[in-house]
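query.txt (compact mmCIF, C-alpha atoms)
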```txt
# COMPACT_ATOMS: atom_id res chain seq x y z
CA MET A 751 -4.46 4.61 -49.33
CA PRO A 752 -2.20 1.83 -50.64
CA ARG A 753 0.72 0.90 -48.42
CA SER A 754 4.15 2.03 -49.63
CA GLY A 755 7.66 1.11 -48.56
CA ILE A 756 9.04 -2.08 -47.06
CA ASN A 757 7.05 -4.10 -44.52
CA LYS A 758 9.87 -4.75 -42.07
CA ASN A 759 7.74 -6.88 -39.73
CA ALA A 760 6.69 -9.19 -42.56
CA ILE A 761 10.30 -9.67 -43.63
CA LYS A 762 11.42 -10.38 -40.07
CA ARG A 763 8.64 -12.94 -39.67
CA MET A 764 9.84 -14.62 -42.87
CA PHE A 765 13.38 -14.92 -41.53
CA ARG A 766 12.11 -16.24 -38.21
CA ASP A 767 10.30 -18.96 -40.16
CA ILE A 768 13.56 -19.76 -41.93
CA GLN A 769 15.29 -19.99 -38.54
CA LYS A 770 12.67 -22.51 -37.40
CA GLU A 771 13.64 -24.68 -40.38
CA PHE A 772 17.28 -24.44 -39.32
CA ASP A 773 16.29 -25.53 -35.80
CA LYS A 774 14.36 -28.53 -37.11
CA ASN A 775 16.49 -29.69 -40.02
CA GLY A 776 19.99 -28.32 -39.46
CA PRO A 777 21.89 -26.02 -41.83
CA ILE A 778 20.30 -25.33 -45.21
CA ARG A 779 21.30 -23.00 -48.01
CA VAL A 780 18.82 -20.52 -49.39
CA PRO A 781 19.01 -17.39 -51.55
CA ILE A 782 18.20 -14.41 -49.37
CA GLU A 783 16.87 -10.91 -49.88
CA ILE A 784 17.65 -8.24 -47.30
CA GLY A 785 15.76 -4.98 -46.95
CA PRO A 786 17.81 -1.89 -46.13
CA THR A 787 16.11 -1.36 -42.76
CA LEU A 788 17.14 -4.74 -41.38
CA THR A 789 20.51 -3.67 -40.03
CA GLY A 790 22.67 -5.52 -37.57
CA GLU A 791 21.08 -8.93 -38.23
CA VAL A 792 22.91 -12.02 -39.42
CA PHE A 793 21.24 -14.04 -42.16
CA PRO A 794 22.56 -17.54 -42.93
CA GLY A 795 23.07 -18.65 -46.51
CA LEU A 796 25.16 -18.41 -49.63
CA GLY A 797 24.33 -16.82 -52.95
CA SER A 798 22.98 -13.48 -54.10
CA SER A 799 21.63 -11.01 -51.56
CA THR A 800 19.58 -8.02 -52.66
CA TYR A 801 20.16 -5.04 -50.42
CA GLY A 802 18.14 -1.99 -51.45
CA GLU A 803 18.98 -1.86 -55.18
CA GLN A 804 22.49 -3.35 -54.95
CA VAL A 805 23.14 -7.06 -55.51
CA ILE A 806 26.10 -8.61 -53.68
CA GLN A 807 27.41 -11.92 -55.04
CA GLY A 808 29.18 -14.50 -52.89
CA ASP A 809 29.25 -15.58 -49.28
CA VAL A 810 27.41 -13.19 -46.98
CA SER A 811 26.76 -15.68 -44.19
CA ALA A 812 28.91 -13.74 -41.70
CA LEU A 813 27.60 -10.30 -42.63
CA ASP A 814 26.99 -8.24 -39.50
CA LEU A 815 26.36 -4.78 -40.83
CA GLU A 816 26.17 -3.01 -37.49
CA SER A 817 29.43 -4.48 -36.23
CA SER A 818 31.20 -3.57 -39.47
CA ALA A 819 29.72 -0.07 -39.31
CA ILE A 820 31.05 0.47 -35.78
CA ARG A 821 34.54 -0.61 -36.84
CA LEU A 822 34.35 1.61 -39.92
CA MET A 823 33.27 4.64 -37.87
CA ASP A 824 36.15 3.98 -35.48
CA TRP A 825 38.53 4.03 -38.45
CA LEU A 826 37.00 7.20 -39.88
CA TYR A 827 37.27 8.88 -36.48
CA SER A 828 40.94 7.93 -36.03
CA ASN A 829 42.01 8.95 -39.54
CA SER A 830 39.87 12.03 -40.18
CA ASP A 831 41.28 15.50 -40.71
CA GLY A 832 37.77 16.99 -40.67
CA VAL A 833 37.66 17.86 -44.37
CA THR A 834 38.67 14.75 -46.35
CA TYR A 835 36.37 11.93 -47.42
CA LEU A 836 38.02 8.55 -46.70
CA ASP A 837 37.67 5.50 -48.93
CA ILE A 838 35.52 2.77 -47.35
CA ASP A 839 36.98 0.20 -49.75
CA ALA A 840 40.44 0.96 -48.32
CA PHE A 841 39.16 0.24 -44.81
CA LEU A 842 37.69 -3.10 -45.92
CA GLU A 843 40.89 -4.09 -47.74
CA GLN A 844 43.03 -3.25 -44.71
CA ASN A 845 40.84 -5.48 -42.53
CA GLY A 846 40.62 -8.35 -45.01
CA GLU A 847 36.89 -7.86 -45.58
CA ASP A 848 34.91 -8.09 -48.81
CA THR A 849 34.96 -4.70 -50.56
CA GLY A 850 31.51 -5.53 -51.93
CA LYS A 851 30.13 -4.37 -48.57
CA ALA A 852 31.33 -0.79 -49.11
CA TRP A 853 28.10 0.37 -50.74
CA MET A 854 25.96 -1.19 -47.98
CA LEU A 855 28.07 0.34 -45.23
CA GLY A 856 27.91 3.73 -46.90
CA LYS A 857 24.12 3.55 -47.18
CA HIS A 858 23.88 2.45 -43.54
CA LEU A 859 25.96 5.40 -42.29
CA ASP A 860 24.18 7.86 -44.58
CA ARG A 861 20.71 6.66 -43.59
CA ASN A 862 21.49 7.12 -39.88
CA SER A 863 23.14 10.54 -40.42
CA TRP A 864 26.41 9.25 -38.97
CA ALA A 865 28.45 10.26 -42.03
CA ASN A 866 28.33 12.25 -45.23
CA VAL A 867 28.86 9.66 -47.95
CA ALA A 868 29.97 10.05 -51.57
CA PHE A 869 28.97 7.26 -53.95
CA SER A 870 30.85 7.05 -57.23
CA LEU A 871 31.51 4.36 -59.81
CA GLY A 872 33.75 1.77 -58.21
CA SER A 873 34.24 3.52 -54.87
CA THR A 874 32.42 4.73 -51.76
CA SER A 875 33.91 7.31 -49.39
CA ALA A 876 32.70 8.95 -46.19
CA MET A 877 33.36 11.60 -43.54
CA LEU A 878 31.77 11.48 -40.09
CA THR A 879 29.07 13.98 -39.15
CA SER A 880 28.83 15.47 -35.65
CA GLU A 881 26.29 12.73 -34.82
CA GLY A 882 28.76 10.10 -35.98
CA VAL A 883 31.57 11.60 -33.92
CA ALA A 884 29.34 11.61 -30.82
CA ARG A 885 28.39 8.00 -31.40
CA VAL A 886 32.01 6.85 -31.76
CA GLU A 887 32.98 8.67 -28.56
CA ARG A 888 30.08 7.06 -26.69
CA VAL A 889 30.98 3.60 -28.03
CA ARG A 890 34.58 4.08 -26.92
CA GLN A 891 33.41 5.11 -23.47
CA ILE A 892 31.39 1.89 -23.15
CA ARG A 893 34.30 -0.22 -24.38
CA ASN A 894 36.54 1.30 -21.70
CA ASP A 895 34.14 0.26 -18.93
CA ARG A 896 35.95 -2.74 -17.43
CA ALA A 897 32.83 -4.07 -15.69
CA ALA A 898 30.85 -3.96 -18.95
CA ARG A 899 33.67 -5.72 -20.82
CA ALA A 900 33.91 -8.50 -18.22
CA ALA A 901 30.13 -9.08 -18.06
CA ASN A 902 29.74 -9.15 -21.84
CA LEU A 903 32.73 -11.46 -22.32
CA GLN A 904 31.55 -13.90 -19.65
CA ARG A 905 28.12 -14.09 -21.27
CA GLN A 906 29.57 -14.65 -24.73
CA MET A 907 31.96 -17.35 -23.48
CA VAL A 908 29.41 -19.47 -21.62
CA THR A 909 26.82 -19.09 -24.38
CA TRP A 910 29.39 -20.13 -26.99
CA LEU A 911 30.34 -23.20 -24.94
CA TYR A 912 26.67 -24.13 -24.55
CA GLU A 913 26.13 -23.90 -28.30
CA LYS A 914 29.27 -25.93 -29.02
CA GLU A 915 28.16 -28.67 -26.65
CA ASP A 916 24.68 -28.54 -28.18
CA GLU A 917 26.37 -29.28 -31.52
CA GLY A 918 28.11 -32.26 -29.94
CA SER A 919 31.62 -30.79 -29.98
CA THR A 920 34.02 -29.72 -27.25
CA PRO A 921 36.66 -27.11 -28.12
CA GLU A 922 40.29 -27.93 -27.40
CA THR A 923 41.04 -24.34 -26.31
CA TRP A 924 39.47 -20.89 -26.39
CA ASP A 925 41.44 -20.08 -29.56
CA GLU A 926 38.43 -21.03 -31.67
CA PHE A 927 36.24 -18.63 -29.68
CA LEU A 928 38.66 -15.77 -30.35
CA LEU A 929 38.16 -16.27 -34.08
CA GLN A 930 34.36 -16.07 -33.86
CA GLU A 931 32.21 -12.98 -34.44
CA PRO A 932 30.72 -13.02 -30.88
CA ALA A 933 34.17 -12.39 -29.36
CA HIS A 934 33.90 -8.62 -29.46
CA LEU A 935 32.27 -5.67 -27.71
CA LEU A 936 30.75 -3.06 -30.01
CA GLY A 937 33.00 -4.00 -32.92
CA GLU A 938 36.23 -4.30 -30.89
CA ALA A 939 37.67 -7.79 -30.51
CA PHE A 940 38.49 -9.07 -27.05
CA ALA A 941 42.18 -9.79 -26.43
CA GLU A 942 43.45 -13.26 -25.58
CA ALA A 943 44.56 -11.98 -22.17
CA GLU A 944 40.97 -10.93 -21.40
CA VAL A 945 39.61 -14.33 -22.41
CA ARG A 946 42.24 -16.09 -20.29
CA ARG A 947 41.36 -13.92 -17.29
CA GLN A 948 37.64 -14.64 -17.58
CA ALA A 949 38.24 -18.33 -18.26
CA ALA A 950 40.17 -18.52 -14.99
CA PHE A 951 37.34 -16.68 -13.22
CA LEU A 952 34.69 -19.04 -14.64
CA ARG A 953 36.74 -22.07 -13.60
CA GLU A 954 37.22 -20.72 -10.06
CA ARG A 955 33.45 -20.15 -9.78
CA ASN A 956 32.71 -23.70 -11.02
CA VAL A 957 30.94 -22.43 -14.12
CA ILE A 958 33.35 -24.35 -16.38
CA THR A 959 35.78 -27.23 -15.98
CA CYS A 960 39.01 -27.72 -17.89
CA ILE A 961 42.05 -29.96 -18.18
CA GLN A 962 44.75 -28.61 -15.92
CA ILE A 963 48.45 -29.16 -16.44
CA GLU A 964 51.38 -27.41 -14.85
CA GLU A 965 51.73 -24.89 -17.70
CA GLU A 966 47.99 -24.19 -18.08
CA THR A 967 45.88 -23.54 -14.97
CA ASP A 968 43.56 -20.81 -16.21
CA GLY A 969 40.70 -22.73 -17.79
CA TRP A 970 42.17 -22.61 -21.29
CA LEU A 971 42.42 -26.32 -22.22
CA HIS A 972 39.29 -28.30 -23.14
CA PRO A 973 36.80 -25.94 -21.44
CA LYS A 974 33.40 -27.43 -20.71
CA LEU A 975 30.33 -26.14 -18.90
CA THR A 976 29.50 -27.61 -15.52
CA ALA A 977 25.90 -28.25 -14.49
CA SER A 978 25.99 -24.79 -12.90
CA GLY A 979 27.25 -23.30 -16.16
CA GLN A 980 24.41 -24.90 -18.10
CA GLU A 981 21.89 -23.57 -15.59
CA CYS A 982 23.43 -20.11 -15.97
CA VAL A 983 22.86 -20.18 -19.75
CA VAL A 984 19.44 -21.84 -19.72
CA HIS A 985 17.77 -19.86 -16.92
CA TYR A 986 19.88 -16.67 -16.75
CA GLN A 987 20.71 -16.17 -20.46
CA GLY A 988 24.42 -16.52 -19.67
CA GLU A 989 24.54 -13.57 -17.25
CA VAL A 990 27.15 -14.96 -14.86
CA SER A 991 26.96 -12.15 -12.28
CA THR A 992 23.19 -12.46 -12.04
CA TYR A 993 23.45 -16.24 -11.72
CA MET A 994 25.96 -15.98 -8.87
CA GLN A 995 23.79 -13.41 -7.07
CA ARG A 996 20.61 -15.45 -7.39
CA GLY A 997 20.53 -16.36 -3.69
CA ASN A 998 20.78 -12.72 -2.63
CA GLN A 999 18.07 -11.71 -5.10
CA ARG A 1000 15.63 -14.18 -3.58
CA SER A 1001 16.38 -13.62 0.10
CA GLY A 1002 17.82 -10.11 0.52
CA ASP A 1003 16.48 -6.61 0.22
CA GLN A 1004 17.42 -6.22 -3.45
CA HIS A 1005 14.83 -7.36 -6.00
CA TYR A 1006 15.68 -7.48 -9.67
CA TYR A 1007 12.66 -9.49 -10.75
CA GLY A 1008 9.89 -8.43 -8.42
CA ALA A 1009 6.56 -7.50 -9.94
CA ILE A 1010 7.19 -3.74 -9.84
CA VAL A 1011 5.42 -1.91 -12.66
CA GLN A 1012 5.88 1.77 -13.39
CA GLY A 1013 3.10 3.36 -15.42
CA ASN A 1014 0.02 1.77 -16.91
CA ALA A 1015 -0.16 -1.99 -16.33
CA ASP A 1016 -3.71 -2.67 -17.47
CA GLY A 1017 -4.14 -6.32 -18.36
CA ALA A 1018 -1.04 -7.55 -16.51
CA GLN A 1019 -1.68 -10.64 -14.39
CA PHE A 1020 0.72 -11.81 -11.68
CA ALA A 1021 0.53 -14.54 -9.06
CA TRP A 1022 3.73 -13.56 -7.26
CA GLY A 1023 5.19 -14.37 -3.85
CA ASN A 1024 3.98 -17.98 -3.81
CA GLN A 1025 6.04 -21.08 -4.56
CA THR A 1026 3.70 -22.84 -6.92
CA VAL A 1027 2.35 -20.55 -9.63
CA THR A 1028 3.48 -17.58 -11.67
CA GLN A 1029 0.98 -16.24 -14.19
CA VAL A 1030 1.40 -13.99 -17.17
CA SER A 1031 -1.24 -12.15 -19.16
CA GLY A 1032 -4.02 -14.58 -19.99
CA GLY A 1033 -3.61 -16.58 -16.77
CA ASN A 1034 -1.26 -19.22 -18.19
CA GLN A 1035 0.99 -21.03 -15.75
CA VAL A 1036 4.70 -20.56 -16.33
CA THR A 1037 6.95 -23.61 -16.55
CA ALA A 1038 9.05 -24.06 -13.41
CA GLY A 1039 12.36 -22.23 -13.62
CA TYR A 1040 11.10 -19.52 -15.98
CA GLU A 1041 9.09 -17.44 -13.51
CA GLU A 1042 11.62 -14.61 -13.22
CA LEU A 1043 12.02 -14.33 -16.98
CA ALA A 1044 8.25 -14.29 -17.48
CA THR A 1045 7.89 -11.46 -14.97
CA ALA A 1046 10.74 -9.45 -16.52
CA ILE A 1047 9.28 -9.77 -20.03
CA THR A 1048 5.77 -8.90 -18.81
CA VAL A 1049 7.02 -5.74 -17.09
CA ILE A 1050 8.93 -4.71 -20.23
CA LEU A 1051 5.79 -5.20 -22.29
CA GLU A 1052 3.62 -3.15 -19.95
CA THR A 1053 6.09 -0.24 -19.81
CA LEU A 1054 7.10 -0.43 -23.48
CA PRO A 1055 5.46 2.87 -24.60
CA ARG A 1056 7.75 4.77 -22.23
CA TYR A 1057 10.93 3.52 -23.94
CA GLU A 1058 10.31 6.02 -26.77
CA LEU A 1059 11.06 3.43 -29.44
CA PRO A 1060 10.03 4.07 -33.05
CA LYS A 1061 6.61 2.60 -33.79
CA ASN A 1062 7.96 -0.28 -35.90
CA ASP A 1063 10.61 -1.19 -33.31
CA GLN A 1064 8.00 -1.14 -30.55
CA ALA A 1065 5.87 -3.54 -32.59
CA ASP A 1066 8.89 -5.83 -33.04
CA VAL A 1067 9.63 -5.86 -29.29
CA GLU A 1068 5.98 -6.68 -28.58
CA GLU A 1069 6.07 -9.54 -31.07
CA VAL A 1070 9.33 -11.02 -29.74
CA SER A 1071 8.20 -10.61 -26.10
CA ASN A 1072 4.94 -12.41 -26.77
CA GLU A 1073 6.86 -15.22 -28.48
CA ILE A 1074 9.01 -15.60 -25.35
CA LEU A 1075 5.94 -15.63 -23.10
CA ALA A 1076 4.37 -18.28 -25.32
CA GLU A 1077 7.49 -20.42 -24.88
CA VAL A 1078 7.76 -20.11 -21.08
CA VAL A 1079 4.23 -21.47 -20.60
CA SER A 1080 4.82 -24.47 -22.86
CA PRO A 1081 5.69 -27.84 -21.26
CA SER A 1082 9.13 -27.87 -22.93
CA PRO A 1083 10.29 -24.31 -23.67
CA ASN A 1084 12.55 -23.90 -26.71
CA GLN A 1085 15.82 -22.68 -25.19
CA GLY A 1086 17.25 -21.44 -28.48
CA LYS A 1087 14.14 -19.43 -29.28
CA ILE A 1088 14.13 -17.84 -25.81
CA ARG A 1089 17.84 -16.92 -26.04
CA ARG A 1090 17.38 -15.37 -29.47
CA GLY A 1091 14.31 -13.46 -28.28
CA CYS A 1092 16.12 -12.04 -25.24
CA ALA A 1093 19.08 -11.09 -27.44
CA ALA A 1094 16.70 -9.26 -29.79
CA ILE A 1095 15.16 -7.30 -26.91
CA ARG A 1096 18.64 -6.38 -25.66
CA GLY A 1097 19.44 -5.17 -29.16
CA PHE A 1098 16.52 -2.75 -29.08
CA LEU A 1099 17.06 -1.48 -25.51
CA SER A 1100 20.87 -1.33 -25.25
CA PRO A 1101 21.31 1.77 -27.50
CA ILE A 1102 18.73 3.60 -25.39
CA ALA A 1103 20.21 2.54 -22.05
CA THR A 1104 23.78 3.43 -23.01
CA GLY A 1105 22.89 6.75 -24.65
CA VAL A 1106 24.06 5.61 -28.09
CA SER A 1107 20.54 6.05 -29.48
CA THR A 1108 19.69 9.66 -30.29
CA GLY A 1109 16.36 11.17 -29.28
CA ALA A 1110 15.78 9.11 -26.13
CA GLY A 1111 15.14 11.17 -23.02
CA GLU A 1112 16.72 10.59 -19.63
CA GLY A 1113 13.59 8.84 -18.38
CA ALA A 1114 13.67 6.42 -21.29
CA GLN A 1115 17.37 5.71 -20.66
CA GLU A 1116 16.74 4.84 -17.02
CA LEU A 1117 13.76 2.68 -17.91
CA ALA A 1118 15.79 0.86 -20.58
CA ARG A 1119 18.54 0.23 -18.03
CA GLN A 1120 15.95 -1.24 -15.68
CA GLY A 1121 14.61 -3.42 -18.49
CA LEU A 1122 18.09 -4.71 -19.32
CA GLU A 1123 18.85 -5.29 -15.64
CA SER A 1124 15.70 -7.36 -15.31
CA LEU A 1125 17.03 -9.57 -18.11
CA GLY A 1126 20.32 -9.88 -16.27
CA VAL A 1127 22.43 -7.42 -18.29
CA MET A 1128 25.05 -5.73 -16.07
CA PHE A 1129 26.63 -2.45 -17.25
```

Encoded form (structure tokens):
Amino acid sequence: MPRSGINKNAIKRMFRDIQKEFDKNGPIRVPIEIGPTLTGEVFPGLGSSTYGEQVIQGDVSALDLESSAIRLMDWLYSNSDGVTYLDIDAFLEQNGEDTGKAWMLGKHLDRNSWANVAFSLGSTSAMLTSEGVARVERVRQIRNDRAARAANLQRQMVTWLYEKEDEGSTPETWDEFLLQEPAHLLGEAFAEAEVRRQAAFLRERNVITCIQIEEETDGWLHPKLTASGQECVVHYQGEVSTYMQRGNQRSGDQHYYGAIVQGNADGAQFAWGNQTVTQVSGGNQVTAGYEELATAITVILETLPRYELPKNDQADVEEVSNEILAEVVSPSPNQGKIRRGCAAIRGFLSPIATGVSTGAGEGAQELARQGLESLGVMF
């Protein structure tokens, strides 16, 4: 039988190849074509972008469909009377966003059953379904978790500094960070007061340095990663709490990265508990400093069927995980590729762990939380 529909894996592989060209040659501009199932991903470039029948002209380099959808659902939730369809274009205008995204946002909400959407010539309107209401309430619950906010903000701040320094630039203040897309949690921007509080914390813990004057003592001026901060990003994916607890994890009774496998682990290979070699499937030796990550990824791979992911998503996690494992056994692992791979895995598991994803059982939620914890994500 001939294959029908969009091959999501093939399209994702194409964009990963494009990303490799960015890594080698710096920014380039290409026309891009986006399939409707590739939601929540950012694609660099200027020009025309085809998105499931609709062509959007202009700059779509900052398009983050999932983030925009969360903000839109928040707005629908706050303004709904339960019977009236609200204009998506009005939401975009109020927030200074391109109204050309209205059709895409409507299709995204409709496809996920989060809203009933009406498409008409020149306008798109929507009203949340019960599933959409439940999702907004869950997202708001996560946003109100102070520990989750602090952990996410710390990770975003140190990762942003690392990338800025990798570009050869040092920010004068954190103001530039506040204007960037990463400075938010589930579509809600972090406040300056939160960034100042975490900047002071990072400075006190010697993760960053700064210029201190009498008026500014909270890590705000000319922030820069210390050697410890760089180690936190490179080996702990920016998870500050995990980095600071690393001594306890290695010597105490609590083990976040031990080779504990639940379920079928046929084919898994570990050389654990020694100080010289860590092996992953195939017997390859892991580059020093990446042993814990290799173990975490291997365990996620071996328990992947129990996460109850859709078949295509499970295939994507397998592909990304194997790419990470291929990097950690190379003599000079590609840090950017590893960070992007871990971020992709988080993107698949976070909705399950937090209960935002519908259809996942309690066992899958707990397993996803364990998987995220093994990567250093603290909720």

With 6 Å of padding per side, what axis-aligned box (centre and edge lengths, Å, one decimal) covers all the listed atoms of stretch 896-906 of chain A? Give it as lines of an AutoDock Vina configuration file.
```
center_x = 32.0
center_y = -8.7
center_z = -20.2
size_x = 19.8
size_y = 23.9
size_z = 21.0
```

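Restricting the calculation to only C-alpha atoms, the smallest distance between A:Thr1037 and any of A:Ala1065, A:Pro1055, A:Val1079, A:Glu843 is found for A:Val1079.
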
>> Which residues are close to A:Val983, i.e. within 10 Å by all atoms listed in the file, leaving aside same-chain residues fewer than 4 positions away? Reply as a ChimeraX atom specification.
In response: /A:905,908-913,975,978-979,987-990,993,1085,1089

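The space between atom CA of A:His858 and atom CA of A:Leu815 spans 8.1 Å.
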
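Remark: for A:Asn956, the closest of the candidate residues A:Gly872, A:Gly832, A:Gly1121, A:Gly969 is A:Gly969 (distances computed over all atoms listed in the file).
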
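Across A:Ala949, A:Val886, A:Val833, A:Leu936, the tightest approach to A:Trp924 is made by A:Ala949 when counting only C-alpha atoms.
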
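Note that the spacing between atom CA of A:Arg861 and atom CA of A:Asp1066 amounts to 20.2 Å.
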
>> For a cutoff of 12 Å around the file-coordinate point (7.9, -17.2, -26.1), which residues qualify once you count only C-alpha atoms? I'd like the result as a PyMOL selection string.
In response: chain A and resi 1030+1036-1037+1040+1043-1044+1047-1048+1067-1092

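Using only C-alpha atoms, the nearest neighbour of A:Met823 within the list A:Ala865, A:Cys960, A:Ala840, A:Ala939 is A:Ala865.
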
>> Show me, as JSON, numbers by chain, the residues that have an atom within 12 Å of stretch 897-899 of chain A when counting only C-alpha atoms, minus same-chain residues fewer than 3 positions from it.
In response: {"A": [889, 890, 891, 892, 893, 894, 902, 903, 904, 905, 906, 933, 934, 935, 936, 938, 939, 940, 941, 944, 945, 947, 948, 989, 991, 1104, 1127, 1128, 1129]}

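What separates atom CA of A:Ala950 from atom CA of A:Phe927 is a distance of 15.2 Å.
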
>> So that I can see what lies close to A:Phe841, please list as JSON, numbers by chain the residues with an atom at most 12 Å from it, counting all atoms listed in the file and leaving out residues fewer than 4 positions away in the same chain.
In response: {"A": [818, 819, 821, 822, 823, 824, 825, 826, 828, 829, 836, 837, 845, 846, 847, 848, 849, 850, 851, 852, 855, 856, 873, 874, 875, 876]}

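Of the listed residues A:Ala1118, A:Ala943, A:Ala868, A:Ala884, the one whose atoms come nearest to A:Leu1051 is A:Ala1118, with distances taken using only C-alpha atoms.
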